[in-house]
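To start, the structure under review is shown below, and the notes come after it.
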Amino acid sequence: MSGATTPRRPRLLPHQRARLLPTVVLLIGAFYALVPVAWIVVAATKSNAELFSTFTFRPGSGLFDNLGDLFAYGDGQFVRWAANSLLYAGLGALLCTVISTMAGYAFAKYEFPGRTGLFYAVLAGVLLPGMTLAIPQYLIMTKTDLVGSYWSVLLPGLISPFGIYLARVYADASVPDSTIESARLDGASEYRVLTSIGLPMMFPGMVTIFMLQFVGSWNNFLLPFIMLSDEDRYPINLGLYTLLAKGSGEPALYGIAIVGTAVSVVPLICLLLFLQRFWRLDMISGGLKG
Amino acid sequence: MTSTTPAADPAPPPRAPRRRATRAPFVLLAPALALFAAFVLIPIGYALFLSTQGLRIVDEGVFGIRDEVFVGLANYTQVLGDADFRAGFGRLALYGLIAVPLTLGLALLFALLLDNASSRARRFSRVAIFLPYAVPGVVASLMWGFMYLPSTSPFSHLTERLGLGGIPFLDGGAIYPSLANIAVWGGVGFNMIIIYTSLRGIPGELYDAARIDGCGEWRIAWRIKIPLVAPALVITGLFALIGTIQVYGEPTMLSPMTSEISQTWVPLMRIYRDGFVRDDLPLAAAGSVILAVGTLLVSLALLRVTQRRAFGGVR
Amino acid sequence: MADRQRTRRRLPAALVGAALLLAGCFGGPAGDDVVTLDYWCWSQGQAEKVAAFNAAHPGIRVRHTDAGGGTDTATKLLTASRAGNAPDIACVEYPTVPAMVVSDVLRDIAPYTAEVTDAFSPEIWRMTRFEGEVYGVPQDIGPMVLLYHRARFEELGLAVPATWEEFAEVAEQVRERDPDSHLATFAPAEFGNFAGLAQQAGAAWWSVEDRRWTVGIDDGPTLRVAAYWQDLIDRDLVRPEPLLTPEWNARLNRGEVLTWPSALWAPGVIHGIAEGQAGDWAIAPLPHWEGEGPEVALQGGTALTVTKNSEHPREAAEFAMWMNTAPEAVELQIASGQYPACRSGQETAAHSPPPPLTGEQADYWEVAAFAADHTVPSISWGPNVSTAADAYNDAVSAAVRDGTPLPDALRDVHRTVLDDMTRVGFDVTD
């Protein structure tokens with residue numbers, strides 16, 4: 001293990017000796033993760049002709065043209081897609097977090113008939129692939145005339161069995177029963193107990209649920225692909241896919257799709273970097289610490 | 001029971017007594033349960049019903065038109081009897097056998113290295129390895145697709161310079177590792193963070209004791225850390241598995257670039273094709289039911305094998 | 001209801017082709033009286049055409065949506081139709097029209113289309129008119145031609161092949177003179193292209209009479225064409241790979257793709273990928289089989305169809321006709337690079353400048369008109385073309401990959417299509 005170190009330095013402490021190899025492995029991992037991101041940024045600077053004719057990592061001359069084309073495409077459709085994604089992922093994840101937190105808190109902090117059975121139903125929902133539900137959900141939406149509307153993508157995203165499961169784990173772990181009891185003895189209503197004790201204590205958990213759900217919706221491709229037909233209602237990834245699909249008949253769109261990808265990835269990366277300090281991902285593995 | 005009486009369980013549970021029936025839990029659960037019914041239970045029920053229907057020609061119009069009639073289990077025999085659908089599960093299994101262990105193995109490796117005090121550049125590496133999680137799968141497939149194609153691939157460019165010829169990422173069996181790589185790239189960071197946060201929760205005294213006994217870092221990792229994060233590994237494994245069964249976007253995006261990937265390459269692609277390209281939703285419903293049941297069975301089997309460590313903490 | 005009747009009274013007059021522009025003068029209804037139509041189409045230049053229509057028809061307002069390319073639009077149209085919210089008018093590729101009829105998506109607009117009967121040739125009408133029922137107004141067509149890289153042909157001293165036999169000889173010469181290049185690509189997932197080549201040789205993949213279908217995807221001409229391309233692949237004279245991938249595009253940019261046997265829309269596609277080659281290309285008649293006539297099939301092309309969901313079929317039909325026959329619309333169509341389906345449009349096209357990719361070719365439109373005038377008269381498509389298309393794409397991709405014979409792949413496709421039609425309940429013979 002320490003064979004890779006230099007022999008010139010005598011008497012290294014054990015933790016110093018192992019330094020090089022782990023660092024190198026980590027940096028290889030970081031490089032692996034960053035190469036495609038670097039590619040998309042470089043590719044965004046290329047004109048269509050350069051895209052197919054110059055070496056992949058050589059920056060091109062078309063960045064501003066591409067950006068101009070992107071924002072001009074379909075009368076600013078890209079901005080609309082971004083706004084839609086924000087609506088589906090942002091508003092959807094926010095509501096989903098509230099709903100999941102309420103349900104998880106109820107499962108964790110109350111005894112009521114049917115609690116175990118309902119919770120097992122939710123657990124089964126965790127194991128059911130969301131994608132296999134997309135087609136049945138589509139069928140229900142056609143029956144209720146919601147297909148093609150904003151609701152058809154937003155509503156299915158509000159229920160997350162995994163979110164409920166996580167909320168229960170967080171409530172179990174971070175809201176002590178004794179605190180709740182003393183608040184009740186002081187005469188606080190159930191509503192006040194939840195809002196002034198439960199929610200603040202669960203906040204880091206809620207951020208985690210929000211983040212997971214946000215990324216899940218942001219990435220969700222099949223559901224909007226099935227539900228929507230009006231391009232003005234597309235989320236950003238579906239819009240980019242459409243550009244690419246059209247790109248094979250109309251390759252000028254490749255450049256737009258690629259610069260659009262670069263533009264859409266950057267804010268999400270910033271959001272993740274900002275929110276990661278609030279994460280409680282350790283809780284995902286359940287009762288580990290309970 | 002009034003809402004001010006503290007609950008007193010007859011058999012004391014391990015933690016403080018829980019609150020007994022008030023209206024509150026039902027109010028709190030109502031939205032979740034309503035949505036669960038509307039977007040999980042009812043769709044499942046409707047899919048079951050629809051899977052017994054079939055679209056058959058009735059006399060109307062110039063060619064006849066297709067109409068829904070009851071066909072019993074004909075859709076199931078059709079789907080299960082199709083060698084290509086079964087082969088799709090085989091391709092899925094091969095893909096999963098590469099993607100899942102690699103994702104978890106690399107995630108564990110990086111998490112251990114991040115937790116290792118002697119590593120440098122930890123903050124940078126953690127953020128960098130986690131970044132791909134922010135890139136939608138469809139977009140990731142596109143980026144990797146460009147990097148696989150011989151004439152735009154930087155890797156093939158390099159090997160050609162070295163006189164080794166291009167790397168056939170998209171030909172023959174290479175398609176499996178190439179596709180799995182996209183999943184690994186997108187999934188390692190997230191799983192790494194889960195395992196890493198679990199590692200951080202382990203009390204440091206445990207290591208100190210081991211170090212005094214003369215254990216090296218790798219022995220500590222192997223003997224202490226990995227067993228303690230086993231629940232995290234099980235749950236990340238479970239999600240990697242469910243993610244594998246749902247794979248759709250990545251092969252769909254790559255399929256125009258190579259003739260290796262058919263329209264029915266994995267089960268979900270076939271279900272989509274049946275339902276939307278061939279306009280046979282009942283057949284797609286039957287396929288969805290089979291896939292969902294299969295996933296449940298595999299997940300339950302995994303949980304049983306690992307002795308339900310993952311959900312063990314919640315009764 | 002009152003609105004509807006008023007519109008009806010107003011419209012018969014407006015339906016007369018030349019008088020279309022006058023429609024606005026009949027009453028000029030305000031706000032509430034305007035009939036709003038939704039229209040899906042993905043091809044270029046639609047926004048301008050729709051704007052022109054709206055300007056000329058104050059009583060109708062058409063909202064244009066681009067719902068994705070041909071396959072995606074067809075998929076979404078089926079979906080939306082089942083949900084009851086399909087657009088009033090949709091652009092559909094010719095091969096998909098019968099499937100849309102069988103899925104009960106389209107409406108028979110024969111009652112409204114009498115005055116445009118002579119605007120299109122009978123061969124074109126075959127695509128959308130079945131036993132007197134009209135399921136769409138033809139928009140554009142893609143008569144097949146050979147698009148070739150003239151500069152590279154000159155550089156390598158090659159002659160443009162007139163027959164498929166010559167095509168194979170030229171393919172050999174290319175390999176001898178420039179080992180990096182191939183005369184053509186054999187794209188395994190190009191169902192429409194192969195269908196066109198087979199139809200040129202005399203294949204009849206589907207035919208129908210009194211609801212009795214005959215399927216012939218394994219007929220003699222089809223297998224002959226399959227064997228021909230198999231031979232070229234075996235001898236490394238054409239390169240088997242998917243088209244229009246970044247990989248193929250890069251090869252094209254390097255000048256390693258010398259021809260694309262496809263259709264009149266192809267110059268626009270190549271121009272989009274390799275702008276630098278503008279002026280270097282030209283079109284020639286598609287090679288024919290020795291001893292046979294110069295007739296070619298159509299590859300691609302679309303019709304504007306009216307859906308059953310539409311509450312305003314009359315106005316929708318009026319729109320579909322105006323878009324594809326009004327001189328103003330046809331001029332915009334040609335400017336966007338489409339080859340019109342209507343006779344008058346084809347005449348107008350003949351006086352236009354050639355597309356930029358073939359900008360140096362003086363006789364471009366003559367070659368185009370020749371192809372359009374010599375189309376195979378008996379093309380008809382089946383009710384499950386999408387099944388055939390993906391069975392074809394998968395079977396042929398597998399054959400190219402595994403090195404198994406193409407004719408066998410076509411036999412598999414035939415079997416799949418036949419089984420599917422039998423299962424759904426069509427009266428079908430082998």
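Here's how to read the names in the structure tokens: chain A, B, ... by the order shown, residue numbers from 1 in each chain, ligand numbers from 1 in the order shown.
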Within 7 Å of chain A, which residues of chain B show up when using only C-alpha atoms, listed as an MDAnalysis selection string?
-> chainID B and resid 4 16 18:21 24:25 28:29 31:32 35:36 39 43:44 46:47 110 113 118:121 125 128:129 131:132 134:137 139 143:144 152:154 185 194 197:198 231:232 235 242 246 288 292 295:296 299 310:314
Write out as a PyMOL selection string which residues come within 10 Å of Asp104 (chain C) when counting only C-alpha atoms, dropping same-chain ones fewer than 3 positions away.
-> (chain B and resi 60-61+64-67) or (chain C and resi 78+81-82+98-101+107+307-309)
Requested write-out: all heavy atoms of the selected residues, as a short mmCIF file (atom, residue, chain, number, x, y, z; two decimals), in the first residue's frame:
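Saved file again.cif follows:
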```
data_model
loop_
_atom_site.label_atom_id
_atom_site.label_comp_id
_atom_site.auth_asym_id
_atom_site.auth_seq_id
_atom_site.Cartn_x
_atom_site.Cartn_y
_atom_site.Cartn_z
N GLU B 60 -65.96 -1.06 -39.33
CA GLU B 60 -66.36 0.34 -39.38
C GLU B 60 -65.34 1.07 -40.23
O GLU B 60 -64.16 0.79 -40.12
CB GLU B 60 -66.38 0.92 -37.96
CG GLU B 60 -67.31 2.11 -37.81
CD GLU B 60 -67.33 2.61 -36.36
OE1 GLU B 60 -67.72 1.83 -35.47
OE2 GLU B 60 -66.94 3.76 -36.15
N GLY B 61 -65.77 1.99 -41.05
CA GLY B 61 -64.83 2.76 -41.85
C GLY B 61 -64.22 1.93 -42.97
O GLY B 61 -64.53 0.76 -43.14
N GLY B 64 -61.90 -0.78 -41.40
CA GLY B 64 -62.23 -1.30 -40.08
C GLY B 64 -61.48 -0.48 -39.05
O GLY B 64 -60.46 0.12 -39.37
N ILE B 65 -61.99 -0.39 -37.83
CA ILE B 65 -61.24 0.32 -36.80
C ILE B 65 -61.03 -0.60 -35.61
O ILE B 65 -61.70 -1.60 -35.45
CB ILE B 65 -61.94 1.62 -36.34
CG1 ILE B 65 -63.32 1.31 -35.79
CG2 ILE B 65 -62.00 2.63 -37.44
CD1 ILE B 65 -63.92 2.47 -35.05
N ARG B 66 -60.08 -0.22 -34.74
CA ARG B 66 -59.75 -1.07 -33.61
C ARG B 66 -60.56 -0.64 -32.39
O ARG B 66 -60.72 0.55 -32.12
CB ARG B 66 -58.26 -0.97 -33.31
CG ARG B 66 -57.42 -1.39 -34.50
CD ARG B 66 -56.01 -1.65 -34.14
NE ARG B 66 -55.43 -0.53 -33.40
CZ ARG B 66 -54.34 -0.64 -32.68
NH1 ARG B 66 -53.72 -1.78 -32.58
NH2 ARG B 66 -53.86 0.40 -32.04
N ASP B 67 -61.06 -1.62 -31.67
CA ASP B 67 -61.89 -1.31 -30.51
C ASP B 67 -61.49 -2.22 -29.35
O ASP B 67 -60.97 -3.31 -29.57
CB ASP B 67 -63.36 -1.52 -30.88
CG ASP B 67 -64.26 -0.62 -30.05
OD1 ASP B 67 -63.71 0.24 -29.33
OD2 ASP B 67 -65.48 -0.80 -30.12
N LEU C 78 -51.81 9.92 -31.56
CA LEU C 78 -52.59 8.77 -31.07
C LEU C 78 -52.98 8.99 -29.61
O LEU C 78 -54.14 8.81 -29.21
CB LEU C 78 -51.75 7.50 -31.17
CG LEU C 78 -51.57 6.91 -32.56
CD1 LEU C 78 -50.48 5.86 -32.56
CD2 LEU C 78 -52.88 6.29 -33.03
N SER C 81 -55.45 11.82 -29.18
CA SER C 81 -56.75 11.46 -29.74
C SER C 81 -57.53 10.60 -28.75
O SER C 81 -58.72 10.78 -28.54
CB SER C 81 -56.55 10.72 -31.05
OG SER C 81 -57.78 10.27 -31.54
N ARG C 82 -56.82 9.67 -28.13
CA ARG C 82 -57.51 8.82 -27.16
C ARG C 82 -57.97 9.62 -25.96
O ARG C 82 -58.98 9.32 -25.34
CB ARG C 82 -56.60 7.68 -26.73
CG ARG C 82 -57.31 6.36 -26.76
CD ARG C 82 -56.43 5.20 -26.40
NE ARG C 82 -55.39 4.94 -27.37
CZ ARG C 82 -54.13 5.28 -27.22
NH1 ARG C 82 -53.74 5.94 -26.16
NH2 ARG C 82 -53.25 4.98 -28.14
N PRO C 98 -52.83 5.24 -43.07
CA PRO C 98 -53.79 4.14 -42.84
C PRO C 98 -53.87 3.72 -41.37
O PRO C 98 -54.96 3.44 -40.86
CB PRO C 98 -53.23 3.00 -43.69
CG PRO C 98 -52.41 3.66 -44.74
CD PRO C 98 -51.83 4.87 -44.09
N ALA C 99 -52.72 3.69 -40.68
CA ALA C 99 -52.73 3.31 -39.27
C ALA C 99 -53.58 4.29 -38.46
O ALA C 99 -54.32 3.90 -37.55
CB ALA C 99 -51.31 3.28 -38.72
N MET C 100 -53.50 5.56 -38.82
CA MET C 100 -54.29 6.58 -38.11
C MET C 100 -55.78 6.39 -38.38
O MET C 100 -56.62 6.66 -37.53
CB MET C 100 -53.86 7.98 -38.57
CG MET C 100 -52.48 8.36 -38.12
SD MET C 100 -52.45 8.63 -36.33
CE MET C 100 -50.70 8.78 -36.07
N VAL C 101 -56.08 5.94 -39.58
CA VAL C 101 -57.49 5.69 -39.91
C VAL C 101 -58.01 4.52 -39.07
O VAL C 101 -59.09 4.59 -38.46
CB VAL C 101 -57.65 5.39 -41.42
CG1 VAL C 101 -59.09 4.97 -41.74
CG2 VAL C 101 -57.24 6.60 -42.25
N ARG C 107 -60.55 11.95 -39.71
CA ARG C 107 -61.90 12.14 -40.22
C ARG C 107 -61.87 12.15 -41.75
O ARG C 107 -60.93 12.65 -42.35
CB ARG C 107 -62.42 13.50 -39.71
CG ARG C 107 -63.83 13.82 -40.09
CD ARG C 107 -64.14 15.24 -39.67
NE ARG C 107 -64.23 15.38 -38.22
CZ ARG C 107 -65.38 15.24 -37.54
NH1 ARG C 107 -66.49 14.95 -38.17
NH2 ARG C 107 -65.40 15.42 -36.25
N THR C 307 -58.71 15.73 -37.65
CA THR C 307 -58.98 14.67 -36.67
C THR C 307 -60.47 14.56 -36.37
O THR C 307 -61.24 15.50 -36.57
CB THR C 307 -58.25 14.95 -35.35
OG1 THR C 307 -58.78 16.16 -34.81
CG2 THR C 307 -56.76 15.09 -35.58
N LYS C 308 -60.83 13.39 -35.84
CA LYS C 308 -62.22 13.20 -35.40
C LYS C 308 -62.54 14.08 -34.20
O LYS C 308 -63.68 14.41 -33.95
CB LYS C 308 -62.44 11.73 -35.04
CG LYS C 308 -62.59 10.86 -36.26
CD LYS C 308 -63.57 9.73 -36.04
CE LYS C 308 -63.94 9.13 -37.39
NZ LYS C 308 -64.39 7.73 -37.29
N ASN C 309 -61.52 14.42 -33.43
CA ASN C 309 -61.74 15.29 -32.27
C ASN C 309 -62.16 16.70 -32.67
O ASN C 309 -62.74 17.42 -31.87
CB ASN C 309 -60.45 15.42 -31.43
CG ASN C 309 -60.17 14.19 -30.60
OD1 ASN C 309 -59.12 14.08 -30.01
ND2 ASN C 309 -61.11 13.25 -30.56
#
```
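Near region 331-335 of chain C, within 9 Å and counting only C-alpha atoms, sit Gln44, Gly45, Gln46, Glu48, Lys49, Asp140, Met323, Asn324, Ala326, Pro327, Glu328, Gln338, Tyr339, Pro340, Gly345, Gln346, Thr348, Ala349 and Ser352 of chain C; same-chain residues fewer than 3 positions away were not included.
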Only all heavy atoms, please: the residues just picked out, written as a short mmCIF file (atom, residue, chain, number, x, y, z; two decimals), in the first residue's frame.
```
data_model
loop_
_atom_site.label_atom_id
_atom_site.label_comp_id
_atom_site.auth_asym_id
_atom_site.auth_seq_id
_atom_site.Cartn_x
_atom_site.Cartn_y
_atom_site.Cartn_z
N GLN C 44 -40.25 22.84 -41.26
CA GLN C 44 -39.84 24.24 -41.22
C GLN C 44 -40.78 25.11 -42.03
O GLN C 44 -41.46 24.63 -42.93
CB GLN C 44 -38.42 24.38 -41.75
CG GLN C 44 -37.40 23.95 -40.74
CD GLN C 44 -35.99 24.23 -41.21
OE1 GLN C 44 -35.63 23.89 -42.32
NE2 GLN C 44 -35.19 24.84 -40.36
N GLY C 45 -40.79 26.38 -41.71
CA GLY C 45 -41.56 27.33 -42.49
C GLY C 45 -43.04 27.35 -42.16
O GLY C 45 -43.81 28.08 -42.79
N GLN C 46 -43.48 26.54 -41.19
CA GLN C 46 -44.90 26.47 -40.88
C GLN C 46 -45.41 27.76 -40.26
O GLN C 46 -46.52 28.20 -40.55
CB GLN C 46 -45.19 25.29 -39.95
CG GLN C 46 -44.95 23.94 -40.58
CD GLN C 46 -45.88 23.67 -41.75
OE1 GLN C 46 -47.03 24.09 -41.73
NE2 GLN C 46 -45.38 23.00 -42.76
N GLU C 48 -44.64 30.80 -40.71
CA GLU C 48 -44.92 31.84 -41.70
C GLU C 48 -46.20 31.51 -42.47
O GLU C 48 -47.02 32.39 -42.73
CB GLU C 48 -43.75 31.95 -42.69
CG GLU C 48 -42.46 32.51 -42.10
CD GLU C 48 -41.63 31.45 -41.37
OE1 GLU C 48 -42.10 30.28 -41.26
OE2 GLU C 48 -40.54 31.79 -40.88
N LYS C 49 -46.35 30.23 -42.84
CA LYS C 49 -47.54 29.85 -43.60
C LYS C 49 -48.80 30.08 -42.77
O LYS C 49 -49.82 30.56 -43.26
CB LYS C 49 -47.45 28.37 -44.03
CG LYS C 49 -46.57 28.15 -45.25
CD LYS C 49 -46.29 26.68 -45.49
CE LYS C 49 -47.48 25.93 -46.11
NZ LYS C 49 -47.14 24.50 -46.36
N ASP C 140 -46.30 17.75 -48.86
CA ASP C 140 -45.06 17.71 -49.63
C ASP C 140 -44.78 16.26 -50.00
O ASP C 140 -45.33 15.34 -49.39
CB ASP C 140 -43.90 18.28 -48.82
CG ASP C 140 -43.60 17.46 -47.59
OD1 ASP C 140 -44.55 17.16 -46.83
OD2 ASP C 140 -42.43 17.09 -47.37
N MET C 323 -53.36 25.66 -47.13
CA MET C 323 -51.93 25.49 -46.85
C MET C 323 -51.20 24.79 -47.99
O MET C 323 -50.00 24.94 -48.16
CB MET C 323 -51.75 24.69 -45.57
CG MET C 323 -52.14 25.43 -44.31
SD MET C 323 -50.97 26.71 -43.88
CE MET C 323 -49.74 25.74 -43.00
N ASN C 324 -51.94 23.95 -48.74
CA ASN C 324 -51.25 23.11 -49.73
C ASN C 324 -51.60 23.43 -51.16
O ASN C 324 -51.11 22.76 -52.07
CB ASN C 324 -51.54 21.64 -49.42
CG ASN C 324 -51.01 21.25 -48.07
OD1 ASN C 324 -49.91 21.64 -47.71
ND2 ASN C 324 -51.81 20.54 -47.30
N ALA C 326 -52.87 27.14 -52.00
CA ALA C 326 -52.85 28.59 -52.24
C ALA C 326 -51.47 29.02 -52.70
O ALA C 326 -50.47 28.60 -52.12
CB ALA C 326 -53.25 29.32 -50.96
N PRO C 327 -51.41 29.84 -53.74
CA PRO C 327 -50.10 30.23 -54.28
C PRO C 327 -49.18 30.84 -53.23
O PRO C 327 -47.99 30.53 -53.19
CB PRO C 327 -50.47 31.29 -55.34
CG PRO C 327 -51.88 30.99 -55.70
CD PRO C 327 -52.53 30.40 -54.50
N GLU C 328 -49.77 31.65 -52.37
CA GLU C 328 -48.97 32.31 -51.33
C GLU C 328 -48.31 31.26 -50.41
O GLU C 328 -47.13 31.34 -50.08
CB GLU C 328 -49.94 33.19 -50.53
CG GLU C 328 -49.29 34.19 -49.64
CD GLU C 328 -50.36 34.92 -48.82
OE1 GLU C 328 -51.58 34.78 -49.14
OE2 GLU C 328 -49.98 35.60 -47.87
N GLN C 338 -39.21 22.64 -48.92
CA GLN C 338 -40.07 21.48 -49.21
C GLN C 338 -40.42 21.43 -50.70
O GLN C 338 -40.55 22.46 -51.34
CB GLN C 338 -41.38 21.58 -48.41
CG GLN C 338 -41.28 21.03 -47.02
CD GLN C 338 -42.66 20.95 -46.37
OE1 GLN C 338 -43.64 21.49 -46.89
NE2 GLN C 338 -42.72 20.29 -45.24
N TYR C 339 -40.63 20.21 -51.19
CA TYR C 339 -41.10 20.05 -52.56
C TYR C 339 -42.61 19.83 -52.50
O TYR C 339 -43.07 18.85 -51.93
CB TYR C 339 -40.41 18.88 -53.24
CG TYR C 339 -40.64 18.84 -54.73
CD1 TYR C 339 -40.12 19.84 -55.54
CD2 TYR C 339 -41.38 17.82 -55.32
CE1 TYR C 339 -40.31 19.83 -56.91
CE2 TYR C 339 -41.59 17.80 -56.69
CZ TYR C 339 -41.06 18.81 -57.49
OH TYR C 339 -41.27 18.80 -58.84
N PRO C 340 -43.39 20.77 -53.06
CA PRO C 340 -44.84 20.70 -52.87
C PRO C 340 -45.46 19.47 -53.53
O PRO C 340 -44.96 18.96 -54.53
CB PRO C 340 -45.36 21.97 -53.55
CG PRO C 340 -44.17 22.81 -53.83
CD PRO C 340 -43.00 21.90 -53.90
N GLY C 345 -47.71 23.91 -57.41
CA GLY C 345 -46.52 24.15 -56.60
C GLY C 345 -45.27 23.61 -57.26
O GLY C 345 -44.21 24.23 -57.23
N GLN C 346 -45.41 22.45 -57.88
CA GLN C 346 -44.26 21.88 -58.55
C GLN C 346 -43.82 22.74 -59.72
O GLN C 346 -42.63 22.88 -60.00
CB GLN C 346 -44.56 20.44 -58.99
CG GLN C 346 -44.76 19.53 -57.78
CD GLN C 346 -45.18 18.12 -58.15
OE1 GLN C 346 -45.25 17.77 -59.32
NE2 GLN C 346 -45.48 17.32 -57.15
N THR C 348 -44.25 26.03 -59.83
CA THR C 348 -43.60 27.20 -59.22
C THR C 348 -42.16 26.86 -58.84
O THR C 348 -41.24 27.65 -59.06
CB THR C 348 -44.37 27.65 -57.97
OG1 THR C 348 -45.75 27.73 -58.30
CG2 THR C 348 -43.87 28.99 -57.48
N ALA C 349 -42.00 25.66 -58.27
CA ALA C 349 -40.67 25.25 -57.81
C ALA C 349 -39.67 25.28 -58.96
O ALA C 349 -38.51 25.65 -58.78
CB ALA C 349 -40.72 23.86 -57.18
N SER C 352 -37.62 28.29 -59.26
CA SER C 352 -36.92 28.79 -58.07
C SER C 352 -35.43 28.48 -58.18
O SER C 352 -35.04 27.61 -58.93
CB SER C 352 -37.46 28.12 -56.81
OG SER C 352 -38.86 28.01 -56.87
#
```
Give the strand (DSSP E or B) residues of region 212-326 of chain C, as DSSP finds them on the backbone, and put them as a ChimeraX atom specification.
-> /C:212-215,238-240,257,259-263,281-285,288,296,298-307
With a cut-off of 7 Å and counting only C-alpha atoms, select all residues of chain C in contact with chain B and give the selection as number ranges by chain.
-> C: 75, 102-104, 211, 242, 245, 247, 250, 386-387, 390, 394, 397, 424-426
For chain A, work out the contacting residues on chain C at 8 Å, counting only C-alpha atoms, and write them as a VMD selection string.
-> chain C and resid 65 to 69 76 80 82 to 84 244 to 247 249 to 250 253 to 254 269 272 to 276
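Counting only C-alpha atoms, Ala93 (chain B) has the following residues at most 12 Å away, ignoring those fewer than 2 positions along the same chain: Arg86, Ala87, Gly88, Phe89, Gly90, Arg91, Tyr95, Gly96, Leu97, Ile98, Ala99, Val100, Tyr176, Ala180, Leu241, Ile242, Thr244, Ile245, Gln246, Val247, Trp265, Val266, Pro267 and Val298 of chain B.
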